[in-house]
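This is query.txt. It holds compact mmCIF, C-alpha atoms.
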```txt
# COMPACT_ATOMS: atom_id res chain seq x y z
CA MET A 1412 0.75 94.43 29.05
CA ARG A 1413 1.82 96.83 26.32
CA LYS A 1414 2.84 93.81 24.19
CA ILE A 1415 -0.70 92.42 24.46
CA TYR A 1416 -2.17 95.72 23.26
CA PHE A 1417 0.21 95.82 20.32
CA LEU A 1418 -0.62 92.19 19.43
CA GLY A 1419 -4.35 92.92 19.50
CA PHE A 1420 -3.84 95.98 17.37
CA PHE A 1421 -1.98 94.00 14.72
CA ILE A 1422 -4.62 91.22 14.65
CA ILE A 1423 -7.48 93.71 14.19
CA SER A 1424 -5.52 95.59 11.57
CA GLY A 1425 -4.87 92.36 9.69
CA LEU A 1426 -8.56 91.43 9.68
CA LEU A 1427 -9.57 94.86 8.43
CA ALA A 1428 -6.90 94.74 5.75
CA SER A 1429 -8.09 91.31 4.52
CA CYS A 1430 -11.65 92.60 4.28
CA SER A 1431 -10.51 95.63 2.36
CA LYS A 1432 -8.79 93.50 -0.27
CA GLY A 1433 -11.96 93.14 -2.27
CA GLY A 1434 -14.45 90.74 -0.61
CA ALA A 1435 -16.27 93.47 1.28
CA GLN A 1436 -15.97 95.89 -1.63
CA GLY A 1437 -17.92 93.84 -4.16
CA GLU A 1438 -14.81 92.58 -5.96
CA LEU A 1439 -14.19 89.12 -7.38
CA VAL A 1440 -11.80 87.42 -4.96
CA GLY A 1441 -12.75 83.76 -5.46
CA ALA A 1442 -14.11 81.07 -3.13
CA PHE A 1443 -11.20 78.77 -2.42
CA ASN A 1444 -11.43 75.22 -1.13
CA LYS A 1445 -9.64 74.18 2.00
CA LYS A 1446 -6.08 73.21 1.22
CA PHE A 1447 -4.54 69.95 2.40
CA LYS A 1448 -1.32 68.05 1.89
CA ASN A 1449 -1.44 66.00 -1.29
CA LYS A 1450 1.97 64.35 -1.34
CA THR A 1451 1.36 61.21 0.71
CA ILE A 1452 1.49 58.10 -1.47
CA PRO A 1453 -1.19 55.60 -0.31
CA LEU A 1454 0.15 52.54 1.49
CA GLY A 1455 1.14 49.78 -0.91
CA MET A 1456 0.88 51.97 -4.00
CA VAL A 1457 3.38 53.76 -6.24
CA PHE A 1458 3.12 57.09 -8.03
CA VAL A 1459 2.87 56.84 -11.81
CA PRO A 1460 3.73 60.31 -13.18
CA GLN A 1461 1.98 62.01 -16.05
CA GLY A 1462 3.63 61.46 -19.38
CA ARG A 1463 3.36 59.98 -22.83
CA THR A 1464 4.49 56.82 -24.56
CA LEU A 1465 3.83 54.72 -27.62
CA ILE A 1466 0.88 52.44 -26.86
CA GLY A 1467 0.46 49.31 -28.96
CA MET A 1468 2.76 47.01 -30.90
CA THR A 1469 6.18 48.60 -31.28
CA ASP A 1470 8.75 45.98 -32.23
CA GLU A 1471 6.73 43.13 -33.70
CA ASP A 1472 5.17 42.58 -37.12
CA ILE A 1473 1.67 43.90 -36.43
CA ASN A 1474 0.18 42.06 -39.40
CA PHE A 1475 0.48 38.78 -37.52
CA SER A 1476 -0.15 39.87 -33.95
CA GLN A 1477 -3.09 40.32 -31.62
CA GLY A 1478 -2.03 43.84 -30.71
CA ASN A 1479 -2.95 47.24 -32.12
CA PRO A 1480 -0.81 49.62 -34.20
CA SER A 1481 1.24 51.87 -31.96
CA ARG A 1482 0.45 55.53 -31.44
CA MET A 1483 1.67 58.24 -29.09
CA THR A 1484 -0.65 58.53 -26.10
CA SER A 1485 -0.60 60.82 -23.04
CA PHE A 1486 -1.73 60.07 -19.50
CA THR A 1487 -2.37 62.06 -16.35
CA ALA A 1488 -0.75 60.97 -13.08
CA PHE A 1489 -2.21 58.28 -10.86
CA TYR A 1490 -1.36 55.92 -8.03
CA MET A 1491 -1.26 52.19 -8.70
CA ASP A 1492 -1.00 49.18 -6.40
CA GLN A 1493 2.58 47.96 -6.26
CA THR A 1494 1.37 44.37 -6.47
CA GLU A 1495 -1.72 42.47 -7.44
CA ILE A 1496 -4.33 42.40 -4.66
CA THR A 1497 -3.36 39.47 -2.45
CA ASN A 1498 -5.46 36.85 -0.71
CA ALA A 1499 -4.80 38.56 2.64
CA GLU A 1500 -5.88 41.96 1.31
CA TYR A 1501 -9.03 40.62 -0.31
CA ARG A 1502 -9.78 38.60 2.83
CA GLN A 1503 -9.92 41.88 4.76
CA PHE A 1504 -12.83 42.84 2.49
CA VAL A 1505 -14.52 39.45 2.91
CA ASN A 1506 -14.15 39.63 6.70
CA TRP A 1507 -15.59 43.16 6.78
CA VAL A 1508 -18.66 41.99 4.84
CA ARG A 1509 -18.95 38.92 7.07
CA ASP A 1510 -18.75 40.97 10.26
CA SER A 1511 -21.14 43.69 9.09
CA ILE A 1512 -23.76 41.09 8.14
CA ALA A 1513 -23.29 39.20 11.41
CA ILE A 1514 -23.61 42.31 13.60
CA THR A 1515 -26.55 43.69 11.62
CA SER A 1516 -28.35 40.35 11.94
CA MET A 1517 -28.01 40.49 15.74
CA GLY A 1518 -29.37 44.03 15.85
CA GLN A 1519 -28.59 46.78 18.29
CA SER A 1520 -30.36 44.92 21.09
CA GLY A 1521 -28.39 41.73 20.41
CA ALA A 1522 -25.00 43.41 20.19
CA PRO A 1523 -25.27 46.82 21.92
CA GLY A 1524 -21.56 46.92 22.67
CA LEU A 1525 -20.66 46.82 18.98
CA TYR A 1526 -22.66 49.86 17.91
CA LYS A 1527 -21.77 53.50 18.15
CA ALA A 1528 -23.93 55.54 20.48
CA PRO A 1529 -26.22 57.17 19.80
CA ALA A 1530 -27.14 55.34 16.61
CA THR A 1531 -30.51 56.72 15.57
CA THR A 1532 -32.16 57.81 12.37
CA GLY A 1533 -35.43 59.69 12.65
CA GLY A 1534 -35.85 58.55 16.24
CA ALA A 1535 -35.38 54.86 15.40
CA PRO A 1536 -32.21 52.82 15.97
CA ALA A 1537 -30.01 53.03 12.90
CA MET A 1538 -28.80 49.76 11.55
CA GLY A 1539 -26.01 49.06 9.14
CA PRO A 1540 -22.21 48.98 8.80
CA GLN A 1541 -21.89 52.78 9.07
CA ASN A 1542 -23.02 52.62 12.72
CA ILE A 1543 -20.82 49.72 13.81
CA ASP A 1544 -17.98 50.52 16.17
CA TRP A 1545 -15.27 48.67 14.26
CA GLY A 1546 -12.71 49.29 16.97
CA LYS A 1547 -14.73 47.07 19.30
CA VAL A 1548 -15.12 44.37 16.66
CA GLY A 1549 -11.35 43.90 16.67
CA ALA A 1550 -8.90 42.95 13.94
CA ASN A 1551 -10.46 40.39 11.57
CA GLY A 1552 -13.51 40.20 13.85
CA ILE A 1553 -11.62 38.58 16.73
CA ASN A 1554 -14.20 39.77 19.30
CA LEU A 1555 -16.97 38.17 17.24
CA TRP A 1556 -15.42 34.88 16.22
CA GLY A 1557 -12.58 34.34 18.72
CA LYS A 1558 -12.48 31.76 21.49
CA ASN A 1559 -13.62 34.28 24.11
CA SER A 1560 -16.48 35.71 22.11
CA THR A 1561 -19.81 36.10 23.90
CA TYR A 1562 -21.70 36.34 20.61
CA LYS A 1563 -21.16 32.82 19.26
CA ALA A 1564 -24.58 31.55 20.27
CA LYS A 1565 -26.20 34.43 18.37
CA LEU A 1566 -24.25 33.78 15.16
CA GLN A 1567 -25.38 30.27 14.32
CA ASN A 1568 -27.35 31.64 11.37
CA MET A 1569 -24.00 32.49 9.73
CA TYR A 1570 -23.07 28.81 9.38
CA TYR A 1571 -24.24 26.01 7.13
CA SER A 1572 -27.11 24.14 8.73
CA GLY A 1573 -29.31 21.12 8.16
CA LYS A 1574 -28.35 18.96 5.20
CA ASP A 1575 -25.97 21.63 3.93
CA ALA A 1576 -23.72 21.13 6.96
CA LEU A 1577 -21.05 18.45 7.32
CA PRO A 1578 -21.39 16.41 10.54
CA GLY A 1579 -19.20 17.76 13.32
CA LYS A 1580 -18.12 20.87 11.39
CA ASN A 1581 -19.10 24.49 11.92
CA GLN A 1582 -18.44 26.10 8.54
CA LEU A 1583 -19.30 29.64 7.50
CA ASP A 1584 -22.04 29.84 4.89
CA VAL A 1585 -20.24 31.94 2.27
CA ARG A 1586 -23.47 32.34 0.28
CA ARG A 1587 -24.51 34.95 2.85
CA LEU A 1588 -21.53 37.19 2.21
CA LYS A 1589 -23.00 39.80 -0.12
CA TYR A 1590 -21.98 43.42 -0.54
CA ALA A 1591 -24.56 46.09 -1.33
CA TYR A 1592 -23.49 49.50 -2.60
CA SER A 1593 -24.34 52.35 -4.95
CA TYR A 1594 -22.40 54.79 -7.10
CA GLU A 1595 -23.09 57.46 -9.68
CA SER A 1596 -22.55 56.11 -13.19
CA TYR A 1597 -21.16 58.72 -15.55
CA ASP A 1598 -21.93 56.39 -18.46
CA LEU A 1599 -25.63 56.43 -17.57
CA ALA A 1600 -25.52 60.18 -16.89
CA ALA A 1601 -23.93 60.85 -20.28
CA ALA A 1602 -26.46 58.67 -22.09
CA GLY A 1603 -29.48 60.27 -20.40
CA ARG A 1604 -28.36 63.84 -19.80
CA ASN A 1605 -30.80 65.32 -22.34
CA ASP A 1606 -33.74 63.11 -21.44
CA PRO A 1607 -36.33 65.23 -19.54
CA ASN A 1608 -37.93 62.08 -18.15
CA LYS A 1609 -34.81 61.05 -16.26
CA SER A 1610 -33.64 62.25 -12.86
CA ARG A 1611 -30.47 61.66 -10.87
CA GLN A 1612 -31.77 58.36 -9.47
CA ASP A 1613 -31.69 56.96 -13.00
CA PHE A 1614 -27.93 57.53 -13.12
CA ILE A 1615 -27.16 55.68 -9.88
CA GLU A 1616 -26.05 52.06 -10.22
CA THR A 1617 -27.31 50.14 -7.21
CA TYR A 1618 -26.38 46.67 -6.02
CA THR A 1619 -28.98 45.60 -3.49
CA ASP A 1620 -30.37 42.48 -1.86
CA ASN A 1621 -33.80 43.27 -3.33
CA PRO A 1622 -33.42 44.82 -6.80
CA THR A 1623 -36.54 46.16 -8.48
CA PRO A 1624 -37.55 43.76 -11.29
CA GLY A 1625 -37.03 45.30 -14.70
CA LYS A 1626 -35.05 48.28 -13.43
CA ALA A 1627 -31.88 48.44 -15.53
CA ASN A 1628 -29.70 50.23 -12.98
CA GLU A 1629 -30.53 47.93 -10.05
CA HIS A 1630 -28.65 44.66 -9.67
CA PRO A 1631 -28.37 41.88 -7.07
CA SER A 1632 -25.83 42.54 -4.32
CA VAL A 1633 -22.38 41.16 -5.04
CA SER A 1634 -21.30 37.83 -3.55
CA VAL A 1635 -17.80 38.64 -2.35
CA TYR A 1636 -16.31 35.25 -1.55
CA PRO A 1637 -13.93 34.09 -4.30
CA ASP A 1638 -15.01 31.12 -6.37
CA THR A 1639 -12.42 28.60 -5.21
CA MET A 1640 -13.86 25.99 -7.58
CA VAL A 1641 -12.14 27.73 -10.49
CA TRP A 1642 -9.08 25.56 -9.78
CA LYS A 1643 -11.17 22.53 -10.70
CA MET A 1644 -13.54 24.00 -13.28
CA ASP A 1645 -10.90 25.72 -15.42
CA TYR A 1646 -9.15 22.40 -16.08
CA SER A 1647 -11.24 19.37 -16.93
CA TYR A 1648 -8.59 16.69 -16.34
CA SER A 1649 -6.24 17.93 -13.63
CA GLN A 1650 -5.85 17.13 -9.94
CA ASN A 1651 -6.25 20.61 -8.44
CA ASP A 1652 -8.42 19.71 -5.46
CA PRO A 1653 -5.77 20.84 -2.93
CA MET A 1654 -5.83 24.32 -4.50
CA VAL A 1655 -9.62 24.42 -4.22
CA LYS A 1656 -9.36 23.76 -0.51
CA THR A 1657 -6.32 25.78 0.51
CA TYR A 1658 -5.47 28.58 -1.92
CA PHE A 1659 -7.64 31.35 -0.46
CA ASN A 1660 -7.47 30.32 3.21
CA HIS A 1661 -4.07 28.77 3.90
CA PRO A 1662 -1.47 31.16 5.39
CA SER A 1663 1.12 29.90 2.90
CA TYR A 1664 -0.84 31.72 0.19
CA ASP A 1665 -1.58 34.95 2.09
CA LYS A 1666 0.74 37.04 -0.09
CA TYR A 1667 -0.24 35.34 -3.34
CA PRO A 1668 -2.64 37.16 -5.70
CA VAL A 1669 -6.33 36.53 -5.16
CA VAL A 1670 -8.03 34.69 -8.03
CA GLY A 1671 -11.55 33.44 -8.67
CA VAL A 1672 -12.98 36.96 -8.54
CA THR A 1673 -15.23 38.36 -11.23
CA TRP A 1674 -14.95 41.84 -12.69
CA GLU A 1675 -17.97 42.83 -10.57
CA GLN A 1676 -16.31 41.56 -7.39
CA ALA A 1677 -13.17 43.55 -8.22
CA ASN A 1678 -15.27 46.70 -8.63
CA ALA A 1679 -17.06 46.01 -5.34
CA PHE A 1680 -13.65 45.74 -3.65
CA CYS A 1681 -12.64 49.13 -5.09
CA ASN A 1682 -15.84 50.70 -3.74
CA TRP A 1683 -15.30 49.19 -0.28
CA ARG A 1684 -11.66 50.31 -0.23
CA THR A 1685 -12.75 53.87 -1.05
CA LEU A 1686 -15.29 53.92 1.78
CA LEU A 1687 -12.79 52.34 4.16
CA TYR A 1688 -10.48 55.32 3.69
CA GLN A 1689 -13.25 57.91 3.68
CA ASN A 1690 -14.70 56.69 6.99
CA VAL A 1691 -11.29 57.04 8.67
CA ALA A 1692 -10.74 60.42 6.99
CA ASN A 1693 -14.07 61.65 8.36
CA ALA A 1694 -13.21 60.46 11.86
CA ARG A 1695 -9.85 62.26 11.69
CA LYS A 1696 -11.40 65.35 10.07
CA ILE A 1697 -9.36 64.86 6.90
CA PRO A 1698 -11.07 65.99 3.67
CA ILE A 1699 -12.38 62.85 1.96
CA ASN A 1700 -11.27 64.25 -1.39
CA SER A 1701 -7.68 64.16 -0.17
CA ARG A 1702 -7.62 60.82 -1.98
CA SER A 1703 -9.54 59.99 -5.15
CA ASP A 1704 -11.77 56.93 -5.37
CA TYR A 1705 -10.15 53.57 -5.99
CA ARG A 1706 -11.00 51.92 -9.29
CA LEU A 1707 -9.70 49.41 -11.81
CA PRO A 1708 -7.11 50.73 -14.29
CA THR A 1709 -8.11 51.28 -17.87
CA ASP A 1710 -6.67 48.98 -20.52
CA GLN A 1711 -4.13 51.55 -21.77
CA GLU A 1712 -3.32 52.93 -18.31
CA PHE A 1713 -2.18 49.41 -17.48
CA GLU A 1714 0.09 49.32 -20.52
CA TYR A 1715 1.47 52.80 -19.76
CA ALA A 1716 2.30 51.76 -16.18
CA ALA A 1717 3.73 48.42 -17.31
CA ARG A 1718 6.23 50.17 -19.59
CA GLY A 1719 7.67 51.95 -16.56
CA GLY A 1720 8.42 55.20 -18.35
CA LYS A 1721 10.15 53.52 -21.27
CA THR A 1722 9.15 53.62 -24.94
CA GLN A 1723 9.12 50.76 -27.45
CA THR A 1724 9.90 48.09 -24.88
CA LYS A 1725 8.58 44.58 -25.26
CA TYR A 1726 8.26 43.63 -21.59
CA PRO A 1727 7.87 45.55 -18.28
CA TRP A 1728 11.53 44.95 -17.41
CA GLY A 1729 12.53 46.72 -20.60
CA GLY A 1730 14.53 44.15 -22.48
CA PRO A 1731 13.50 42.08 -25.48
CA TYR A 1732 14.14 38.79 -23.66
CA ILE A 1733 12.22 36.90 -20.97
CA MET A 1734 15.46 35.63 -19.43
CA ASN A 1735 18.08 37.96 -17.89
CA VAL A 1736 21.87 37.78 -18.36
CA LYS A 1737 22.17 35.36 -15.43
CA GLY A 1738 19.77 32.93 -17.07
CA CYS A 1739 16.89 33.67 -14.67
CA LEU A 1740 13.33 33.97 -15.95
CA GLN A 1741 11.82 37.36 -15.17
CA ALA A 1742 8.16 36.41 -14.85
CA ASN A 1743 5.82 33.58 -13.93
CA PHE A 1744 4.37 32.04 -17.12
CA LYS A 1745 4.18 28.83 -19.16
CA VAL A 1746 7.78 28.20 -20.07
CA GLY A 1747 8.64 26.23 -23.20
CA ARG A 1748 6.21 23.39 -23.82
CA GLY A 1749 4.83 23.47 -20.30
CA ASN A 1750 7.81 23.65 -17.94
CA TYR A 1751 5.71 25.44 -15.33
CA SER A 1752 8.17 25.07 -12.46
CA ASP A 1753 11.16 26.54 -14.32
CA ASP A 1754 10.26 30.08 -13.26
CA GLY A 1755 9.87 29.16 -9.59
CA GLY A 1756 6.16 28.44 -9.40
CA MET A 1757 3.80 25.72 -10.59
CA TYR A 1758 0.79 28.00 -10.25
CA THR A 1759 0.89 31.57 -8.93
CA VAL A 1760 3.75 32.95 -6.84
CA ASP A 1761 4.17 35.64 -4.18
CA ALA A 1762 2.82 38.93 -5.55
CA LYS A 1763 6.19 40.58 -4.88
CA SER A 1764 8.24 38.12 -6.89
CA TYR A 1765 10.86 38.96 -9.52
CA MET A 1766 12.21 42.48 -10.05
CA PRO A 1767 9.81 45.43 -10.29
CA ASN A 1768 9.75 47.69 -13.33
CA ASP A 1769 11.11 51.25 -13.25
CA TYR A 1770 7.95 52.56 -11.58
CA GLY A 1771 8.32 49.98 -8.80
CA LEU A 1772 5.44 47.78 -9.98
CA TYR A 1773 5.68 44.01 -9.53
CA CYS A 1774 4.34 41.31 -11.87
CA MET A 1775 2.92 43.62 -14.52
CA ALA A 1776 3.53 40.59 -16.74
CA GLY A 1777 2.81 37.03 -15.65
CA ASN A 1778 1.62 35.57 -12.33
CA VAL A 1779 -2.05 36.50 -12.87
CA ALA A 1780 -3.66 38.43 -15.68
CA GLU A 1781 -5.60 41.45 -14.42
CA TRP A 1782 -9.04 42.96 -14.93
CA THR A 1783 -9.29 46.44 -16.39
CA SER A 1784 -12.26 48.81 -16.52
CA THR A 1785 -12.26 48.77 -20.32
CA ALA A 1786 -14.99 47.04 -22.31
CA TYR A 1787 -13.61 44.75 -25.00
CA ASN A 1788 -14.24 46.05 -28.52
CA ARG A 1789 -11.48 45.76 -31.11
CA SER A 1790 -13.25 48.12 -33.51
CA ALA A 1791 -13.29 50.93 -30.90
CA THR A 1792 -9.50 51.38 -30.86
CA PRO A 1793 -9.27 53.82 -33.82
CA LEU A 1794 -11.91 56.03 -32.18
CA LEU A 1795 -10.05 56.50 -28.89
CA LEU A 1796 -8.52 59.82 -27.93
CA ASP A 1797 -4.77 60.23 -27.66
CA PHE A 1798 -4.99 61.24 -23.99
CA ASN A 1799 -6.38 59.02 -21.20
CA PRO A 1800 -8.14 56.75 -23.75
CA ASN A 1801 -10.82 54.34 -22.59
CA TYR A 1802 -13.87 52.58 -23.98
CA THR A 1803 -16.80 51.75 -21.69
CA ASN A 1804 -20.43 50.86 -22.16
CA THR A 1805 -23.43 50.20 -19.96
CA ALA A 1806 -24.00 46.65 -21.23
CA LYS A 1807 -22.64 43.61 -19.49
CA GLY A 1808 -20.12 41.69 -21.52
CA ALA A 1809 -16.42 41.12 -22.07
CA LYS A 1810 -13.75 43.23 -20.37
CA VAL A 1811 -10.13 43.67 -21.37
CA VAL A 1812 -7.63 41.61 -19.38
CA ARG A 1813 -3.95 42.55 -19.27
CA GLY A 1814 -0.56 41.16 -18.32
CA GLY A 1815 -0.72 37.45 -19.11
CA SER A 1816 -0.66 34.79 -16.40
CA TRP A 1817 1.12 31.75 -14.99
CA LYS A 1818 -0.66 29.50 -17.52
CA ASP A 1819 0.07 31.67 -20.61
CA ILE A 1820 2.92 31.43 -23.07
CA GLY A 1821 5.45 34.27 -23.30
CA PHE A 1822 3.64 36.10 -26.12
CA PHE A 1823 0.90 37.24 -23.72
CA LEU A 1824 3.46 38.83 -21.37
CA GLN A 1825 4.20 41.60 -23.87
CA ASN A 1826 3.24 45.13 -22.82
CA SER A 1827 1.13 45.62 -25.92
CA VAL A 1828 -0.88 42.37 -25.83
CA ALA A 1829 -4.36 42.26 -24.34
CA THR A 1830 -6.97 39.53 -24.07
CA TYR A 1831 -10.51 39.53 -22.71
CA GLU A 1832 -12.89 37.65 -20.44
CA TYR A 1833 -16.59 37.97 -19.69
CA GLN A 1834 -17.13 40.08 -16.59
CA ASP A 1835 -19.10 37.41 -14.73
CA LYS A 1836 -16.50 34.68 -15.27
CA PRO A 1837 -14.05 34.08 -12.40
CA ARG A 1838 -10.80 32.38 -13.37
CA SER A 1839 -7.86 30.77 -11.59
CA TYR A 1840 -5.52 32.97 -13.60
CA ILE A 1841 -7.20 36.40 -13.35
CA GLY A 1842 -6.78 38.85 -10.47
CA PHE A 1843 -6.63 42.63 -10.28
CA ARG A 1844 -5.00 45.70 -8.77
CA CYS A 1845 -6.41 49.18 -8.05
CA VAL A 1846 -5.52 52.69 -9.12
CA SER A 1847 -6.43 56.08 -7.63
CA ASP A 1848 -6.31 59.26 -9.69
CA PHE A 1849 -3.83 61.94 -8.63
CA ALA A 1850 -5.28 65.47 -8.46
CA GLY A 1851 -2.57 67.60 -9.97
CA SER A 1852 0.50 67.22 -12.14
CA THR A 1853 3.44 66.20 -9.94
CA LEU A 1854 4.10 65.25 -6.34
CA ASN A 1855 6.51 68.18 -6.04
```

Structure translated into structure tokens:
Amino acid sequence: MRKIYFLGFFIISGLLASCSKGGAQGELVGAFNKKFKNKTIPLGMVFVPQGRTLIGMTDEDINFSQGNPSRMTSFTAFYMDQTEITNAEYRQFVNWVRDSIAITSMGQSGAPGLYKAPATTGGAPAMGPQNIDWGKVGANGINLWGKNSTYKAKLQNMYYSGKDALPGKNQLDVRRLKYAYSYESYDLAAAGRNDPNKSRQDFIETYTDNPTPGKANEHPSVSVYPDTMVWKMDYSYSQNDPMVKTYFNHPSYDKYPVVGVTWEQANAFCNWRTLLYQNVANARKIPINSRSDYRLPTDQEFEYAARGGKTQTKYPWGGPYIMNVKGCLQANFKVGRGNYSDDGGMYTVDAKSYMPNDYGLYCMAGNVAEWTSTAYNRSATPLLLDFNPNYTNTAKGAKVVRGGSWKDIGFFLQNSVATYEYQDKPRSYIGFRCVSDFAGSTLN
């Protein structure tokens, strides 16, 4: 009993002492945020430490190249996907959009078992993905689309019908798979910060099924299904029909990089991936800022990561040659005059092929070129800062693409070489990977 009294005495004394340290005395003691562990590397990503390196052409004659003069540039730390986003990973996004649209179309009365309870907003049933009980939907929507599903009769509106349907086939109408989302645009906020006629709503980019005509920051919702026709449209005289039919959906290509996605689709994926984590974090009472938003890397972040901590290296693997000492090619690209199969793949290959660079990143050169967040403008390069440089604008147009691809010659595999593509153009040779900013300096 005496021990209990002593324990109580110490607790009360501690509380009084903490109050006497300044807060109750009118002193400045600070308002600190809740601390949390910040050392867990997100699944499938690697930690790219802060540092500096020469960005741009380093060991080539710059007068005859497509690169920029080199200069020392510094970067803060970030996480980066170890591989390009694969078909299987992107399909998780497509399936989520498919399932959310299907369940929302049935309504709470049509699918009461798939909604959280209570799901109300202002006294009315709340509709939308945020109120779906995803645990009851099952992995990849098995409880919606599986053999034992009781919802099949209610989901016929999700399939092609009438003259759009092939006789005897029940095929999903991919035109319905659209993702709506919003985010605060710092570009818009910076441009309009001193305009008294603007409010916060003017700085929010919105992708919606019903955009307001003439409103610059409202856009149509993003169709998320990859354009599989790129395998046919990118090459006028080539028999690529099997790739059109199988590349995104056949299990043999599950771990291959997704292609046929526009820059806007890649950004939509990043937004969905951020919300996917935040929803789980909320459910587990983890601070949502324990992980920064996912986004596309900047042009020069990509080059910094590709160099793997080395300076003045021509390729991600460090050496000046595309072939190693054993005579093996170290990337997937157009070999020689078109010996596509010499590197092990006619088209793309598994996203975890070849040896990773010193940061543990695979295929930072070759396989598929990758979207960046940077707007393409050659004249902007001299204006960029020497730390975390990036050039963006609010206009739609060309975006910088990095890394070279399976159809490119070896020149485009160089760390310092960038190309571009218009943001609304899907290609059979362009994919992407995500980054997430690290809050702090080092993991340790």

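Of the listed residues A:Asn1826, A:Leu1854, A:Gly1579, A:Gly1730, the one whose atoms come nearest to A:Thr1451 is A:Leu1854, with distances taken using all atoms listed in the file.
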
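Proximity to A:Gly1808 at 12 Å, evaluated using all atoms listed in the file and with sequence-adjacent residues fewer than 4 positions away removed, yields Thr1673, Trp1674, Glu1675, Ser1784, Thr1785, Ala1786, Tyr1787, Asn1788, Thr1803, Asn1804, Tyr1831, Glu1832, Tyr1833, Gln1834, Asp1835 and Lys1836 of chain A.
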
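For stretch 1767-1777 of chain A, the residues within 6 Å (counting only C-alpha atoms, excluding itself and residues fewer than 6 positions away along the chain) are Gln1493, Thr1494, Ala1717, Gly1719, Pro1727, Trp1728, Ala1742, Asn1743, Phe1744, Gly1814, Gly1815, Ser1816, Trp1817 and Leu1824 of chain A.
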
Please return, as an mmCIF file with C-alpha atoms, in the coordinates of the input, all polymer residues that have at least one atom within 12 Å of the point (-19.8, 62.0, -10.8); use all atoms listed in the file and the file's own coordinate frame.
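Now in part11.cif:
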```cif
data_model
loop_
_atom_site.group_PDB
_atom_site.id
_atom_site.type_symbol
_atom_site.label_atom_id
_atom_site.label_comp_id
_atom_site.auth_asym_id
_atom_site.auth_seq_id
_atom_site.Cartn_x
_atom_site.Cartn_y
_atom_site.Cartn_z
ATOM 1 C CA TYR A 1594 -22.400 54.790 -7.100
ATOM 2 C CA GLU A 1595 -23.090 57.460 -9.680
ATOM 3 C CA SER A 1596 -22.550 56.110 -13.190
ATOM 4 C CA TYR A 1597 -21.160 58.720 -15.550
ATOM 5 C CA ASP A 1598 -21.930 56.390 -18.460
ATOM 6 C CA LEU A 1599 -25.630 56.430 -17.570
ATOM 7 C CA ALA A 1600 -25.520 60.180 -16.890
ATOM 8 C CA ALA A 1601 -23.930 60.850 -20.280
ATOM 9 C CA ARG A 1611 -30.470 61.660 -10.870
ATOM 10 C CA PHE A 1614 -27.930 57.530 -13.120
ATOM 11 C CA ILE A 1615 -27.160 55.680 -9.880
ATOM 12 C CA GLU A 1616 -26.050 52.060 -10.220
ATOM 13 C CA SER A 1703 -9.540 59.990 -5.150
ATOM 14 C CA ASP A 1704 -11.770 56.930 -5.370
#
```

Inset, instruction - Go ahead and compute the interatomic distance for atom CA of A:Thr1487 and atom CA of A:Asn1799, in Å to one decimal. - result: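 Taking atom CA of A:Thr1487 and atom CA of A:Asn1799, their separation equals 7.0 Å.
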
Inset, instruction - Record the distance separating atom CA of A:Val1691 and atom CA of A:Tyr1618, expressed in Å with one decimal. - result: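 Interatomic distance, atom CA of A:Val1691 to atom CA of A:Tyr1618: 23.5 Å.
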
Legend entry - Among the residues A:Ala1550, A:Ala1602, A:Asn1678, A:Met1456, the one that comes closest to A:Glu1495 [using only C-alpha atoms]: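 With only C-alpha atoms as the atom set, the closest residue is A:Met1456.
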
Inset, instruction - Record the distance separating atom CA of A:Lys1763 and atom CA of A:Asn1498, expressed in Å with one decimal. - result: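 One can read the atom CA of A:Lys1763 to atom CA of A:Asn1498 distance as 12.9 Å.
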
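Among A:Val1670, A:Gln1711, A:Ser1560, A:Thr1515, the residue with the shortest atom-to-atom distance to A:Asp1645, counting only C-alpha atoms, is A:Val1670.
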